[in-house]
Structure formats: structure tokens, C-alpha cells
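The structure appears right after this line, and notes come after that.
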Protein chains: 2
Amino acid sequence: MVGPGRMNIADVARAAGVSQTTVSHTLSGKRPVAEATRQRILALIEELGFRPSEVARSLRTQRTNTIALIIPDIANPFYPELARGLQDVVDPSQMQVFICNTDGLAHSEADFLDLMAARGVDGMVTVSFHLKESDFDSVTKAGIALVRLGDYADEGTSDTVATAQQTGMAEATGYLVGRGRRRIAFIDAPHGLNGLGQRFDGYCDGLRAAGLPLRTDYVVETGYTRAGGRTGMATLLQVEPRPDAVLCANDLVAIGALDVLRDARIRVPEEMAVVGFDDIEAASMVSPALTTVRNRAYEMGRTAGQLLISRLVDAYDGPKRHIVLPTDLVSRESA
Amino acid sequence: MVGPGRMNIADVARAAGVSQTTVSHTLSGKRPVAEATRQRILALIEELGFRPSEVARSLRTQRTNTIALIIPDIANPFYPELARGLQDVVDPSQMQVFICNTDGLAHSEADFLDLMAARGVDGMVTVSFHLKESDFDSVTKAGIALVRLGDYADEGTSDTVATAQQTGMAEATGYLVGRGRRRIAFIDAPHGLNGLGQRFDGYCDGLRAAGLPLRTDYVVETGYTRAGGRTGMATLLQVEPRPDAVLCANDLVAIGALDVLRDARIRVPEEMAVVGFDDIEAASMVSPALTTVRNRAYEMGRTAGQLLISRLVDAYDGPKRHIVLPTDLVSRESA
């Protein structure tokens with residue numbers, strides 16, 4: 001199964017009126033093929049205008065020219081933008097991207113991994129909340145080029161692209177401190193998901209650097225969505241003394257927090273500063289416009305694509321590469 | 001290739017140490033199989049705890065438990081929401097959805113169609129700007145359940161789900177007329193795309209009903225994105241007399257129009273009313289909040305999923321179904 005736009009064994013077999021096995025044997029020379037047939041196949045390969053070496057490579061590697069992008073939440077605009085970056089890089093190589101939405105569920109992550117490996121994609125880019133290093137064994141053993149996005153303790157085994165989340169969140173905390181905030185809360189994603197703990201760690205770093213205590217009642221664990229942000233903010237509004245600023249695990253959470261503050265007629269940023277993480281397009285659409293930590297979604301997708309292309313097209317076979325993208329603090333109206 | 005979570009011929013063949021063809025012949029009875037082998041296979045099928053009828057069905061239909069969703073713009077939140085609706089309906093049937101982003105390009109639409117048909121997906125849901133009825137022949141001949149979304153003149157050949165776009169846009173035009181607007185412009189998507197012309201037709205209907213002329217300089221054709229909306233609005237601001245209201249082909253376009261009006265310090269809705277189409281989540285986030293025509297993305301995905309499930313799971317084999325979803329005018333701040 002080879003994608004459109006690239007000739008393959010099947011095309012030659014069809015044109016020659018022989019089986020794919022016969023074409024394969026003709027090219028590999030491993031099994032005898034009747035001389036007349038062999039000549040006809042070789043003539044056709046020349047006539048069809050592609051080099052036997054290409055056919056042989058297609059045979060050897062079983063290329064399908066497809067890439068699977070496995071993501072946890074297609075409704076979070078961060079991921080479509082990441083997909084855009086990936087597609088822009090792999091399109092010129094005629095590779096097609098399938099997007100698989102796992103909802104961040106462990107069984108769904110595992111299912112898509114298996115399914116895509118079984119379908120023989122050439123490459124895989126994954127954002128996984130649950131999978132462990134060993135879960136990827138079947139993928140790497142099948143010769144599928146793998147890029148994992150996010151932070152992993154076990155990053156030695158595949159190419160990775162991460163964001164300097166911890167530094168970014170520490171900087172955001174320092175920014176709030178610099179604007180006179182002392183009661184800084186944190187609406188966190190569910191704990192225990194791969195890599196995301198770094199955002200919380202950055203918050204702790206920022207508090208420590210400012211000599212502020214970590215108050216456990218200022219840390220709320222919730223969903224990684226707008227609805228989660230609403231729940232988290234509603235909880236924080238019950239705490240005494242009320243926080244004067246809130247850092248959010250991502251922009252969707254921050255937008256949910258803004259919803260609650262608007263309804264409660266609490267002025268942002270005067271009474272409560274709000275900072276997000278990601279800088280999705282909606283961050284500049286909401287009112288007040290969201291101050292946030294830029295997590296370069298497009299760049300992350302683009303970088304993942306480049307890592308894949310280097311292996312699949314340029315035949316790079318060197319050590320694994322681990323790329324960490326910087327963040328920026330984007331100062332708008334909410335803090 | 002059968003998805004995880006369902007036993008198949010390959011599993012039986014592996015367990016029995018025979019070829020899939022042998023299992024297939026044992027079940028179909030079409031070719032002789034050595035009695036000892038036949039007994040071993042049947043015993044294994046029983047031992048593995050699934051009914052031969054299930055295996056036979058898997059054999060007959062070559063089920064893969066996968067569905068392809070082919071969409072033009074993953075960065076338009078309308079489509080992730082549509083994908084959500086589809087996934088929620090097919091998940092309980094253990095079906096996995098691949099999302100293919102075509103960027104609305106004709107060659108990419110055709111490529112994904114071919115690729116997905118070659119990969120033997122069970123079902124396909126497509127939003128296509130360019131493909132004609134005959135382009136789907138290979139899909140339907142391969143026995144793939146097909147649901148096309150949008151309006152098609154040739155809707156007789158597959159299940160379809162559409163939105164009453166024309167009525168919705170006529171109603172929006174009437175709404176503006178009712179609020180005293182007389183110079184109503186329209187920022188349209190690129191002309192000639194499947195189905196989308198209905199939005200423009202609705203605008204014309206609305207003008208006609210109000211006895212207003214169609215001014216060609218009030219109609220701008222642009223991209224179907226936020227950037228397109230910016231370009232379109234900038235163009236309209238050059239027209240004399242300036243429009244006092246603008247209908248936009250979708251919400252992204254309307255949000256781009258709002259960007260330009262904000263920069264130009266033109267008050268919305270006082271000096272210029274703005275109405276979108278779709279009601280994506282961002283419509284309620286922008287300031288002023290966007291008045292828009294609700295196009296039920298989630299419901300559209302859900303309905304498409306139900307049409308697929310009825311064919312794939314419930315074995316419905318009746319006439320094609322054509323479902324048209326109603327719209328609502330959602331009145332917010334921008335008009």
C-alpha cells in the first residue's frame with residue numbers, strides 16, 4: 001500500500017500483468033524469474049520512467065508515505081496549529097497526515113498506536129498523556145520513525161520536541177510578582193499526565209524565587225479545558241484570602257476562568273490577574289485579551305516534521321535528537 | 001487488517017498456525033480443507049470465544065473498524081466540533097476515526113479519497129469543496145459507507161447531511177433589516193465551492209424580501225478564514241456610501257472583520273453591524289460578542305455518525321437519506 005504520487009511494485013505488477021512477488025523477485029534477484037518475464041518487467045520499469053533503485057527502496061522499506069499524528073484534544077486549537085506546522089513540512093515530500101484524536105484516554109492512545117503500527121505508517125508524531133516508553137516498542141521495532149512531543153524522563157529512545165514549560169511558567173510567576181501580586185493561585189491540569197507537571201514545577205520555582213509560600217489551597221486540579229477553568233476558578237473564589245492572580249495550565253483553562261470572573265463581576269486584572277499558557281489564537285480574541293506564555297504549536301509541528309523528514313527522506317540514521325523550544329511571555333490585558 | 005478490540009481471521013490463522021486463506025475456506029466451505037485442519041480451526045474459534053458468524057461477517061465484509069473524516073480546514077473550530085460529534089457516536093461501536101485535512105485543495109481531496117479507499121476504511125464522512133459525484137465512484141463501489149456533508153445538487157447517490165444555510169442567511173439579512181440597516185454588505189467565501197453558494201443565495205433572498213437592491217460593490221469574495229475577513233472588511237471600507245452592516249460567510253471571516261473595525265475605531269454595532277455564520281466557540285469569546293447563524297457542527301457530526309452506524313452496524317440497506325439541519329439566529333452584541 002503506497003500512497004498516491006509515488007510509483008510502486010503494485011503499479012509495475014499491474015502494468016506487466018504479473019504478481020507483485022514476481023516483480024519483487026526480479027528486483028531482488030533472490031528467486032529465479034523466467035527470463036522473458038524479467039526482461040518485460042525491467043523494460044516496463046524503464047518505460048514508466050522511474051529508477052529501479054526507487055522501486056527497490058519502496059520494496060525494501062514498504063513505504064506508505066503516510067504519517068500518523070496522535071493528539072489528545074482536537075478541540076484545543078493548540079493541536080490544529082501543531083498539525084498545520086507538521087503538514088506544511090511534510091507536504092512537499094508527498095506525505096499524507098492522518099490525525100487521531102485520543103481524548104487523552106489511555107486505552108485510546110494505545111489503540112491508535114497499535115492500529116497505526118499495523119497499518120504501516122512511515123512516521124508517527126505523538127502527544128501522549130499516558131503511554132510509557134515500552135509502549136512504543138512495537139512502533140520502533142517496526143521501523144516507524146517516531147517523534148514524541150512533550151517532556152519525557154525516558155527521552156533517550158526516540159526523537160523528541162518539547163517546550164521549556166517550566167522556565168516559561170516560572171517567568172510568568174515572576175511577571176505577576178513584579179506587578180505586585182502576592183497571592184498567586186494555580187489552576188492545574190489533572191496530575192500524573194506525562195510532562196505536564198513541569199508547568200506546576202515552574203510555578204513553584206517562581207514562588208520560591210520571590211520568597212512566597214506555596215499554599216495548597218491556592219492550587220486546584222481540574223480538567224484541561226474551558227469547563228475545567230470554570231470549575232477551578234469557582235473553587236478559588238471560595239478561598240480566603242482571595243487570590244489576586246491566577247496562573248492557568250493552558251489558555252482554554254484561562255478562558256474558562258475569565259468566564260467565571262466576568263459573571264462574578266470581578267475586574268480583570270485589577271482584582272484578579274489571569275495568565276494562560278499556549279497562546280492559542282483565541283487568547284487575543286477574548287476580552288480582556290489574555291496575557292499568556294507562548295508555546296509554539298506551529299513550530300513544534302514543523303520541527304517534528306523536519307525530524308521525520310530527515311529520517312524518512314534524507315536517510316538520517318544518527319543519534320536521537322531532543323529539541324526544546326523556548327517560550328515567551330505575551331503581555332496583553334489580563335495581567 | 002482489523003482494528004483492535006475485535007477478533008478476526010488473522011488472529012485465528014495465527015493461533016492455528018495456518019494461512020488466513022485456509023481459515024477463510026474453512027468458514028466459507030467454498031474450497032476443500034484437510035479435515036484435521038478444519039477441525040483444529042473450528043475448535044480454536046470456539047476456544048477463543050467468538051462465534052463463527054462473527055468471523056464470517058468479518059471475512060465477508062473485510063471490516064477494519066475505521067472511519068475517515070475528510071475536512072477542509074482543521075484550523076476552523078467548526079470541524080473539530082464536528083469531529084467530536086462523529087467520534088461520540090461511533091466510539092461505542094469501537095470504531096476509530098482518522099481525520100484528514102485537505103486545506104480545501106482539489107488534489108488533496110482526491111488524494112485522501114483514494115488513499116482511504118485503498119486502505120479499506122469501513123466508512124467515510126467528507127466535506128469537499130471540489131469533488132464531483134463521479135469522484136466518489138471508487139468509494140461506493142468498494143462498499144465503503146459514505147456520508148457527504150453539505151449541499152449537493154447530486155445528492156441522490158449517497159447519504160448527506162446539510163444545513164439550511166440559505167434560509168439561515170436570509171433570516172440573518174431580515175434581522176439586520178429589522179434593526180434599520182439598509183446598506184448590507186456580504187463578505188463571501190471563494191465562489192464555485194460545493195454548496196457554499198447557498199449562503200450568498202440566502203443573502204440575496206433576504207435583500208429581495210426587503211425590497212433592497214443587490215449592490216455588487218457590497219459583495220466581496222475572499223478567503224474562508226480570519227485573514228480573509230480582514231481583507232474583505234478593508235475592501236468594504238473603501239466603498240461609498242459605506243455599508244452599515246456586513247454578513248460574513250463564516251465566523252472566522254466575521255472575527256477578521258471585527259479586527260479591522262477595531263483598528264479603524266469604527267463602533268460595532270452602532271456604525272457597522274457584523275453577523276457571522278457557524279457559531280463556533282470563539283463567537284462568544286470575541287468583543288463585541290458575535291451575532292451569528294448557528295450551524296450545528298456537533299449535531300452534523302453526530303448525524304453523520306448515526307447514518308454510518310445504521311449501515312455498518314445495523315445493516316440498514318435502504319434508500320439514501322438526506323438530512324437538513326435547521327439554523328438559529330444567535331443574537332449577541334455585534335448586531
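Residues in the C-alpha cells are numbered from 1 in each chain, the chains being A, B, ... in the order shown, and ligands are numbered from 1 in the order shown.
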Task: Counting only C-alpha atoms, chain A residues within 8 Å of chain B, as a VMD selection string - done: chain A and resid 1 3 to 4 74 to 75 77 80 to 81 84 96 to 101 111 to 112 114 to 115 118 to 119 282 285 to 287
- [ ] Quick one: everything within 8 Å of range 268-276 of chain B, counting only C-alpha atoms, minus sequence neighbours fewer than 2 positions away in the same chain. Send it as a PyMOL selection string.
- [x] chain B and resi 172+176+243-254+257-258+261+266+278-279+288+290-293+333-335
Expected file contents, prior selection, N, CA and C atoms, as a CSV table (one decimal), in the first residue's frame:
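Saved as result_28.csv:
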chain,number,residue,atom,x,y,z
B,172,ALA,N,-30.9,36.0,8.7
B,172,ALA,CA,-30.0,37.0,9.2
B,172,ALA,C,-30.1,38.3,8.5
B,176,LEU,N,-31.2,42.1,10.2
B,176,LEU,CA,-30.5,43.3,10.1
B,176,LEU,C,-31.4,44.4,9.5
B,243,PRO,N,-21.1,50.7,3.9
B,243,PRO,CA,-22.2,49.8,4.4
B,243,PRO,C,-22.4,50.0,5.9
B,244,ASP,N,-23.6,49.8,6.3
B,244,ASP,CA,-23.9,49.9,7.8
B,244,ASP,C,-24.0,48.5,8.5
B,245,ALA,N,-23.9,47.5,7.7
B,245,ALA,CA,-23.9,46.1,8.2
B,245,ALA,C,-23.2,45.2,7.3
B,246,VAL,N,-22.6,44.1,7.8
B,246,VAL,CA,-21.9,43.2,7.0
B,246,VAL,C,-22.3,41.7,7.5
B,247,LEU,N,-22.7,40.9,6.5
B,247,LEU,CA,-22.9,39.5,6.8
B,247,LEU,C,-21.6,38.8,6.3
B,248,CYS,N,-21.2,37.8,7.1
B,248,CYS,CA,-19.9,37.1,6.7
B,248,CYS,C,-20.2,35.6,6.5
B,249,ALA,N,-19.4,35.1,5.5
B,249,ALA,CA,-19.6,33.7,5.1
B,249,ALA,C,-19.4,32.7,6.3
B,250,ASN,N,-18.5,33.0,7.2
B,250,ASN,CA,-18.5,32.2,8.4
B,250,ASN,C,-17.9,33.1,9.6
B,251,ASP,N,-17.8,32.5,10.8
B,251,ASP,CA,-17.4,33.2,11.9
B,251,ASP,C,-16.0,33.7,11.9
B,252,LEU,N,-15.1,32.9,11.3
B,252,LEU,CA,-13.7,33.3,11.2
B,252,LEU,C,-13.6,34.5,10.4
B,253,VAL,N,-14.3,34.6,9.3
B,253,VAL,CA,-14.4,35.8,8.4
B,253,VAL,C,-14.9,37.0,9.3
B,254,ALA,N,-15.9,36.7,10.0
B,254,ALA,CA,-16.5,37.8,10.8
B,254,ALA,C,-15.5,38.3,11.9
B,257,ALA,N,-13.2,40.5,10.3
B,257,ALA,CA,-13.8,41.8,10.0
B,257,ALA,C,-13.8,42.7,11.3
B,258,LEU,N,-14.1,42.0,12.4
B,258,LEU,CA,-14.1,42.8,13.7
B,258,LEU,C,-12.7,43.3,14.0
B,261,LEU,N,-12.3,46.5,12.0
B,261,LEU,CA,-13.2,47.6,12.6
B,261,LEU,C,-12.6,48.1,13.9
B,266,ILE,N,-14.1,51.9,14.3
B,266,ILE,CA,-15.4,52.0,13.9
B,266,ILE,C,-16.3,51.2,14.9
B,278,ASP,N,-22.0,30.0,11.7
B,278,ASP,CA,-21.5,28.8,12.3
B,278,ASP,C,-21.7,28.7,13.8
B,279,ASP,N,-21.4,29.9,14.5
B,279,ASP,CA,-21.4,29.9,16.0
B,279,ASP,C,-20.4,28.9,16.5
B,288,PRO,N,-16.9,43.0,20.5
B,288,PRO,CA,-18.2,42.6,21.0
B,288,PRO,C,-18.5,41.1,20.6
B,290,LEU,N,-20.1,38.0,19.0
B,290,LEU,CA,-20.6,37.9,17.7
B,290,LEU,C,-22.0,37.4,17.6
B,291,THR,N,-22.9,38.2,16.9
B,291,THR,CA,-24.2,37.7,16.5
B,291,THR,C,-24.0,36.8,15.3
B,292,THR,N,-24.6,35.6,15.2
B,292,THR,CA,-24.3,34.7,14.2
B,292,THR,C,-25.4,33.7,13.9
B,293,VAL,N,-25.3,33.0,12.8
B,293,VAL,CA,-26.2,32.0,12.5
B,293,VAL,C,-25.7,30.6,12.9
B,333,GLU,N,-23.8,40.7,20.6
B,333,GLU,CA,-23.6,42.2,20.7
B,333,GLU,C,-23.3,42.8,19.4
B,334,SER,N,-22.8,42.1,18.4
B,334,SER,CA,-22.3,42.7,17.2
B,334,SER,C,-23.3,43.1,16.2
B,335,ALA,N,-24.6,42.8,16.4
B,335,ALA,CA,-25.6,43.2,15.5
B,335,ALA,C,-27.0,43.1,16.2
Open item on the list: as a PyMOL selection string, please: the residues near range 13-22 of chain A (cut-off 7 Å, only C-alpha atoms, same-chain neighbours under 5 positions excluded).
Closed with: chain A and resi 33+40-41
Open item on the list: I'd like the interatomic distance between CA of Thr26 in chain B and CA of Gly143 in chain B, to a tenth of an Å.
Closed with: 24.2 Å
Open item on the list: Give me the residues near range 302-313 of chain A as number ranges by chain, where near means some atom within 9 Å (using only C-alpha atoms) and where sequence neighbours in that chain fewer than 5 positions away do not count.
Closed with: A: 82-90, 93, 122-125, 145-149, 159-161, 297, 318, 321, 323
Task: Test item: residues at most 12 Å from Glu221 in chain B, only C-alpha atoms, excluding those fewer than 4 positions along its chain, as a count of residues only - done: 25
Task: Separation of CA of Leu44 in chain A from CA of Pro32 in chain A in Å - done: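 Calculated distance between CA of Pro32 in chain A and CA of Leu44 in chain A is 18.5 Å.
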Task: Those in range 71-215 of chain A with helix (DSSP H, G or I) from DSSP, as JSON, numbers by chain - done: {"A": [78, 79, 80, 81, 82, 83, 84, 85, 86, 87, 88, 89, 90, 91, 92, 93, 106, 107, 108, 109, 110, 111, 112, 113, 114, 115, 116, 117, 118, 133, 134, 135, 136, 137, 138, 139, 140, 141, 155, 156, 157, 165, 166, 167, 168, 169, 170, 171, 172, 173, 174, 175, 176, 177, 178, 197, 198, 199, 200, 201, 202, 203, 204, 205, 206, 207, 208, 209]}
Task: Atom pair CA of Gly206 in chain B / CA of Gly174 in chain B: separation (Å) - done: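 Result for CA of Gly206 in chain B versus CA of Gly174 in chain B: 5.6 Å, one decimal.
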